[in-house]
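*Asks:* Below are the structure tokens for one structure; questions will follow.
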Amino acid sequence: MSDLERRLKADVAGEVEFDDYTRHLFSRDASMYAITPLGVVFPRDADDVAAAVAAAAEHGVPVVPRGAGTSLAGQTVGPGIVLDMSRHLHRIVELDPEARTARVQPGVVQDQLNRAAAPHGLMFGPDTSTSNRATLGGMIGNNSAGSGSVRHGMTIDHVRELDVVLSDASTARFGPVDDEQRQRRAAGSTLEARLYRELPRIVAEDADAISRGFPEFWRRAGGYRLDRLAEPTPFDLAEFVVGSEGTLVVATGALVNLVPKPRTTVIAVGHFTSTQAAIAATDDALSCDPSGVELMDRTILDLSRQRIEYASLGTILEGDPDALLFVSFTGDDEDELVGRLRRLTARWRKHGHGYHTLEAVTPQQQSALLKVRKSSLGLLMAAGEGTRRPLAFVEDTAVDPKHLPEYTAKFAQILDRHDMKAGFYGHCSVGCLHIRPFVDLARPGEVEKMRAVAEEVKSLVTEYGGVNSSEHGDGLARSEFNRELFGEELYAAMCRVKRLFDPAGTLNPGKIVEAPPMTEHLRDAEQPVPGPFRTRLSFDVVGGMRGAADRCMNIGLCRKSSSGVMCPSYMATTKEEDATRGRANALVKALSEPDPKRALGDERLHEVLDLCLMCKACKSECPLGVDMAKLKSETLSHHHDEHGVPLRSRVFGSIRALNRLGAATAPLSNLPGRIPLLRKLMRRALGITEHRPLPRFERRHLGSWFRGRRVRERAPRGPILFLADSFTTYTEPAIGRAAVELLERAGYEVRLVDEGCCGRSSLSKGLVDDAKAKARDLVSRLAGSDAPIVGCEPSCVLTLRGETLSLLPDDPAARDVAGRVRQIEEVLSEAIDAGDLELSEDTWPARRRVLFHGHCHQKAEVGTAATVGLLRRIPQAAVEEVDAGCCGMAGSFGFEAEHYEMSMTVGSDRLFPAVRAEPATTIIAATGVSCRQQIAHGTPREAHHPLELLHASLKR
């Protein structure tokens with residue numbers, strides 16, 4: 001342990017981590033840069049921050065403050081000590097609706113603040129597309145803005161006070177002061193006093209440079225804001241340090257303004273045949289007083305169509321537009337807003353702008369539109385392949401909107417000259433387009449080409465009086481150009497500011513002033529060449545398994561905590577290593593070692609992956625499609641190679657054989673679930689928690705019932721294969737019976753496939769070779785027919801469509817089987833709609849509410865629309881899908897003693913409260929066996945499979 005690490009652990013109450021994996025996780029943000037720090041500190045309060053700064057300064061080591069790590073220009077990577085302000089410092093200290101203010105810690109997420117302010121009709125003004133993970137501290141560091149900045153300005157316009165730690169570890173509270181207060185604070189020898197004395201001198205001595213050096217356009221997020229100090233307003237250091245990227249102070253708290261939240265939003269979505277045509281329509285949009293005008297080009301539209309989560313967008317667009325322009329109108333009077341929307345539609349029609357305008361007035365009409373618009377960055381990042389990525393090095397320029405058409409035309413010409421493709425999206429209302437050229441920094445000559453484009457764009461933006469950094473800051477990508485952009489005198493004044501605040505260069509050096517060239521510390525250009533390595537699963541991407549992990553570009557959507565499924569363990573712990581991003585980066589490190597196979601057996605890596613529930617939400621919710629469940633299966637297999645296979649993993653991997661044995665010996669096999677002493681022995685021998693009820697085995701299982709039942713003679717729809725999974729067969733056969741009877745009533749000849757296993761349980765334990773053998777056996781049983789394949793348990797049925805193809809990539813029978821898999825809900829819905837499956841109006845005497853929770857794998861692979869649609873076909877059923885993530889059970893995860901508490905914490909996030917809030921008359925439905933077990937244990941309410949409810953509704 002180094003002296004610095006020892007000192008930090010003695011002085012800081014929060015965690016201090018210097019291990020190689022933690023350092024690697026914090027070496028990257030959402031930019032194209034990577035710098036490995038010495039260590040990471042997770043402060044619990046402002047005293048911890050001060051202690052860390054003091055220790056670092058004494059050891060001559062830099063400090064890098066960091067929020068969500070979603071910075072796009074490299075602001076939050078650097079040598080020295082990273083301060084992760086997000087893990088613990090995320091409390092809303094006070095919210096004052098009357099004063100319209102909130103006092104927050106720097107780790108508070110923007111959506112978190114907005115949820116707290118919403119009951120008072122308030123919100124935080126700057127509206128970033130990353131609002132579900134962007135921290136207020138990060139927004140203050142970057143001077144963030146967003147789609148609503150034409151109405152609400154930038155973060156700098158909403159900060160009233162800042163609590164800060166200065167470079168000498170002293171603390172201060174900044175805010176507006178009059179001249180008398182300023183002079184009083186200037187007295188003394190403290191660093192704070194020197195700031196109040198010296199800054200006015202810098203402003204006075206460089207007044208001419210300040211008045212001439214800043215760009216004309218108002219939307220600025222670069223340099224130090226000496227122009228604000230020069231204004232004839234109260235002297236305000238809080239406002240001044242906004243946008244300083246942690247180079248002047250470390251913010252530990254803030255008092256921010258809140259603004260009235262509009263009660264109504266209406267949106268016009270113009271459809272255009274080209275990006276330039278959409279940009280040309282901006283003037284008409286601005287003449288109607290919108291709250292935002294957003295562009296989305298074909299690149300992003302095409303990417304959205306490839307993802308389940310955004311598929312609904314395609315159903316509401318007209319034709320095949322090359323670009324969309326989203327024009328939002330917000331306020332309290334819907335009639336007045338609709339009037340403005342119609343006025344815009346008429347203007348566009350009159351001036352020949354676009355070929356169609358979609359008018360989205362209700363939240364239902366808007367939801368798909370807004371989801372895709374907010375995800376533009378992630379969707380664009382997903383278009384990369386291998387190390388060819390859309391990079392953020394010229395994506396933050398802004399010019400007056402009146403210049404936007406000609407500016408973007410010249411921008412496109414620069415890209416064409418350099419043979420670069422780019423995606424266009426952003427805020428036309430304020431002249432800010434996020435243009436990201438695709439670059440492969442690992443190829444010879446690409447770094448030089450990137451720099452040439454950056455220099456040409458810098459000159460172009462200056463030609464139009466615009467800004468090089470308009471909301472994403474300078475960081476490592478743009479700071480190098482500040483001397484030229486601001487001029488020698490103003491840049492020298494900024495250097496004086498940095499030396500005044502931070503004489504020893506402790507706080508985030510190399511950003512804004514005295515920066516290295518933009519081509520240093522590039523992530524892809526500096527990656528080591530890994531050693532040779534063969535995987536058991538097939539990874540069909542450039543770079544194999546490492547390429548699959550390295551698709552992560554750290555945009556941090558897996559850090560969201562209030563919606564969707566990804567990432568359940570991060571939602572519970574708020575630890576970087578428990579997010580998909582953290583795990584992916586850890587795997588990149590391991591797979592970049594000279595001996596990747598041995599590195600995959602590392603116990604620290606195993607610890608990072610341990611809490612991954614393998615819910616597969618990242619496969620669909622991560623815009624880059626990082627499939628952590630698959631990556632974890634492969635990693636576990638190599639961990640077993642190094643350390644052997646634990647007995648518990650073998651037991652759970654053989655769940656079908658175990659369940660078959662349990663059914664054959666029932667009711668004796670159900671005794672361990674009832675006898676405390678036997679449960680304790682199970683914990684000691686296998687690590688299975690005694691707190692959770694065990695499944696009950698049924699002696700008359702589905703297979704025995706099926707072979708003894710009376711067969712329906714008429715089957716006009718032909719044969720269908722029913723996959724009898726390990727749970728529907730042996731522990732919940734009533735669900736299987738309901739499914740078979742529904743299919744037969746619908747007109748199918750049901751052929752039960754109750755021998756063989758899909759291999760899902762083996763995969764979850766890293767027993768990939770065993771899973772491969774099981775997959776091959778099951779495929780052979782299902783092959784040789786053209787009949788569709790259905791089942792009740794989503795994880796088992798969908799394994800045939802997904803993992804089986806990775807296990808047997810060269811097997812044509814596996815591809816045939818995957819192509820025949822259908823959701824049973826789709827099949828039954830078709831039969832209902834055709835009149836072949838009749839439902840009774842008398843199932844329930846009155847309208848009944850059904851609360852439905854979908855299985856994670858179902859959400860990831862196919863979505864839940866088919867199940868919800870089937871439930872809504874039941875007469876008198878009022879169906880609502882619960883807005884909850886993973887139930888927390890995740891197959892065997894919730895049975896494992898060391899994971900039991902985490903399992904219950906995940907379930908308690910949104911699922912348990914939603915179920916408990918329902919009256920006793922509400923019917924709870926869930927497709928997954930794990931989900932039903934978890935709901936019963938955690939609420940306790942009985943959850944039914946949707947097919948049970950449908951079966952009960954059959955007309956007799």
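Residue numbers start at 1 in each chain; chains themselves are named A, B, ... in the order of the structure tokens; ligands are numbered from 1 in the order shown.
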List every residue of stretch 232-287 of chain A that has an atom at most 12 Å from any atom of stretch 367-388 of chain A, and for each one report the closest atom pair and its distance in Å to one decimal, counting only C-alpha atoms, with rows sorted by chain and then by increasing residue number, as a tab-separated table.
*Replies:*
```
residue	atom	partner	partner_atom	distance
A:Thr265	CA	A:Leu370	CA	11.3
A:Val266	CA	A:Leu370	CA	11.4
A:Ile267	CA	A:Leu369	CA	9.2
A:Ala268	CA	A:Leu369	CA	10.4
A:Val269	CA	A:Leu369	CA	8.8
A:Gly270	CA	A:Leu369	CA	12.0
```
*Asks:* Counting only C-alpha atoms, what is within 8 Å of stretch 580-591 of chain A, bar same-chain residues fewer than 6 positions away, as a PDB file with N, CA and C atoms, in the first residue's frame?
*Replies:*
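After the write, out-v9.pdb holds the following:
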```
ATOM      1  N   TYR A  21      -8.528  -3.143 -11.236  1.00  0.00           N
ATOM      2  CA  TYR A  21      -9.814  -3.121 -11.931  1.00  0.00           C
ATOM      3  C   TYR A  21     -10.567  -1.822 -11.678  1.00  0.00           C
ATOM      4  N   HIS A  24      -9.035   0.880 -13.677  1.00  0.00           N
ATOM      5  CA  HIS A  24      -9.379   0.773 -15.100  1.00  0.00           C
ATOM      6  C   HIS A  24     -10.800   1.278 -15.356  1.00  0.00           C
ATOM      7  N   LEU A  25     -11.733   0.940 -14.489  1.00  0.00           N
ATOM      8  CA  LEU A  25     -13.123   1.367 -14.695  1.00  0.00           C
ATOM      9  C   LEU A  25     -13.243   2.886 -14.729  1.00  0.00           C
ATOM     10  N   PRO A 530      -4.165  -7.983 -27.608  1.00  0.00           N
ATOM     11  CA  PRO A 530      -4.357  -9.096 -26.670  1.00  0.00           C
ATOM     12  C   PRO A 530      -3.659 -10.353 -27.134  1.00  0.00           C
ATOM     13  N   MET A 545     -14.861 -11.745 -28.527  1.00  0.00           N
ATOM     14  CA  MET A 545     -15.395 -11.463 -27.198  1.00  0.00           C
ATOM     15  C   MET A 545     -14.954 -10.089 -26.706  1.00  0.00           C
ATOM     16  N   ARG A 546     -13.680  -9.758 -26.940  1.00  0.00           N
ATOM     17  CA  ARG A 546     -13.233  -8.431 -26.503  1.00  0.00           C
ATOM     18  C   ARG A 546     -13.974  -7.345 -27.264  1.00  0.00           C
ATOM     19  N   ALA A 549     -17.372  -6.788 -25.694  1.00  0.00           N
ATOM     20  CA  ALA A 549     -17.327  -5.977 -24.478  1.00  0.00           C
ATOM     21  C   ALA A 549     -16.949  -4.540 -24.783  1.00  0.00           C
ATOM     22  N   ASP A 550     -16.044  -4.374 -25.745  1.00  0.00           N
ATOM     23  CA  ASP A 550     -15.515  -3.043 -26.066  1.00  0.00           C
ATOM     24  C   ASP A 550     -16.485  -2.212 -26.891  1.00  0.00           C
ATOM     25  N   CYS A 552     -19.024  -1.089 -25.623  1.00  0.00           N
ATOM     26  CA  CYS A 552     -19.431  -0.077 -24.638  1.00  0.00           C
ATOM     27  C   CYS A 552     -18.617   1.191 -24.840  1.00  0.00           C
ATOM     28  N   ASN A 554     -19.437   3.881 -22.857  1.00  0.00           N
ATOM     29  CA  ASN A 554     -19.553   4.562 -21.566  1.00  0.00           C
ATOM     30  C   ASN A 554     -20.593   5.675 -21.521  1.00  0.00           C
ATOM     31  N   GLY A 556     -23.413   5.425 -20.387  1.00  0.00           N
ATOM     32  CA  GLY A 556     -23.937   5.328 -19.034  1.00  0.00           C
ATOM     33  C   GLY A 556     -25.429   5.146 -18.905  1.00  0.00           C
ATOM     34  N   CYS A 558     -26.879   2.518 -18.534  1.00  0.00           N
ATOM     35  CA  CYS A 558     -27.043   1.470 -17.520  1.00  0.00           C
ATOM     36  C   CYS A 558     -27.002   2.031 -16.105  1.00  0.00           C
ATOM     37  N   MET A 566     -32.553  -2.293 -17.141  1.00  0.00           N
ATOM     38  CA  MET A 566     -31.092  -2.198 -16.993  1.00  0.00           C
ATOM     39  C   MET A 566     -30.729  -1.046 -16.049  1.00  0.00           C
ATOM     40  N   CYS A 567     -29.848  -1.261 -15.124  1.00  0.00           N
ATOM     41  CA  CYS A 567     -29.199  -2.497 -14.723  1.00  0.00           C
ATOM     42  C   CYS A 567     -29.606  -2.718 -13.265  1.00  0.00           C
ATOM     43  N   LYS A 597      -7.180 -15.833 -21.221  1.00  0.00           N
ATOM     44  CA  LYS A 597      -7.872 -16.947 -20.570  1.00  0.00           C
ATOM     45  C   LYS A 597      -7.588 -16.963 -19.078  1.00  0.00           C
ATOM     46  N   ALA A 599      -6.630 -14.397 -17.332  1.00  0.00           N
ATOM     47  CA  ALA A 599      -7.196 -13.175 -16.761  1.00  0.00           C
ATOM     48  C   ALA A 599      -8.685 -13.327 -16.462  1.00  0.00           C
ATOM     49  N   LEU A 600      -9.391 -14.129 -17.262  1.00  0.00           N
ATOM     50  CA  LEU A 600     -10.827 -14.338 -17.021  1.00  0.00           C
ATOM     51  C   LEU A 600     -11.076 -15.134 -15.749  1.00  0.00           C
ATOM     52  N   LEU A 605     -12.099  -9.878 -11.008  1.00  0.00           N
ATOM     53  CA  LEU A 605     -13.026  -9.820 -12.132  1.00  0.00           C
ATOM     54  C   LEU A 605     -14.302 -10.591 -11.796  1.00  0.00           C
ATOM     55  N   VAL A 608     -16.486  -8.459  -9.775  1.00  0.00           N
ATOM     56  CA  VAL A 608     -17.162  -7.426 -10.558  1.00  0.00           C
ATOM     57  C   VAL A 608     -18.397  -7.998 -11.259  1.00  0.00           C
ATOM     58  N   LEU A 609     -18.282  -9.227 -11.769  1.00  0.00           N
ATOM     59  CA  LEU A 609     -19.399  -9.831 -12.511  1.00  0.00           C
ATOM     60  C   LEU A 609     -20.421 -10.505 -11.605  1.00  0.00           C
ATOM     61  N   CYS A 618     -29.599  -5.436 -20.773  1.00  0.00           N
ATOM     62  CA  CYS A 618     -28.604  -4.651 -21.505  1.00  0.00           C
ATOM     63  C   CYS A 618     -28.611  -4.988 -22.988  1.00  0.00           C
ATOM     64  N   VAL A 626     -24.688  -4.266 -25.673  1.00  0.00           N
ATOM     65  CA  VAL A 626     -23.723  -5.061 -24.906  1.00  0.00           C
ATOM     66  C   VAL A 626     -24.490  -6.158 -24.172  1.00  0.00           C
ATOM     67  N   MET A 628     -24.356  -8.585 -21.611  1.00  0.00           N
ATOM     68  CA  MET A 628     -23.540  -8.990 -20.480  1.00  0.00           C
ATOM     69  C   MET A 628     -23.857 -10.405 -20.019  1.00  0.00           C
TER      70      MET A 628
END
```
*Asks:* Neighbours of A:Phe217 within 7 Å (only C-alpha atoms; same-chain residues fewer than 4 positions away dropped), as a list of chain:residue names?
*Replies:* A:Val399, A:Asp400, A:Gly465, A:Gly466, A:Val467
*Asks:* Leaving out stretch 135-152 of chain A and any residue of its chain fewer than 5 positions from it, which residues lie within 8 Å of it when counting only C-alpha atoms, given as a ChimeraX atom specification?
*Replies:* /A:66-68,71,85-86,104-110,125-129,221,241-246,251-253,291-294,426-427,429-430,471-473
*Asks:* So what do you get for atom CA of A:Arg347 versus atom CA of A:Cys288, distance-wise?
*Replies:*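 About the pair atom CA of A:Arg347 and atom CA of A:Cys288: they are 9.4 Å apart.
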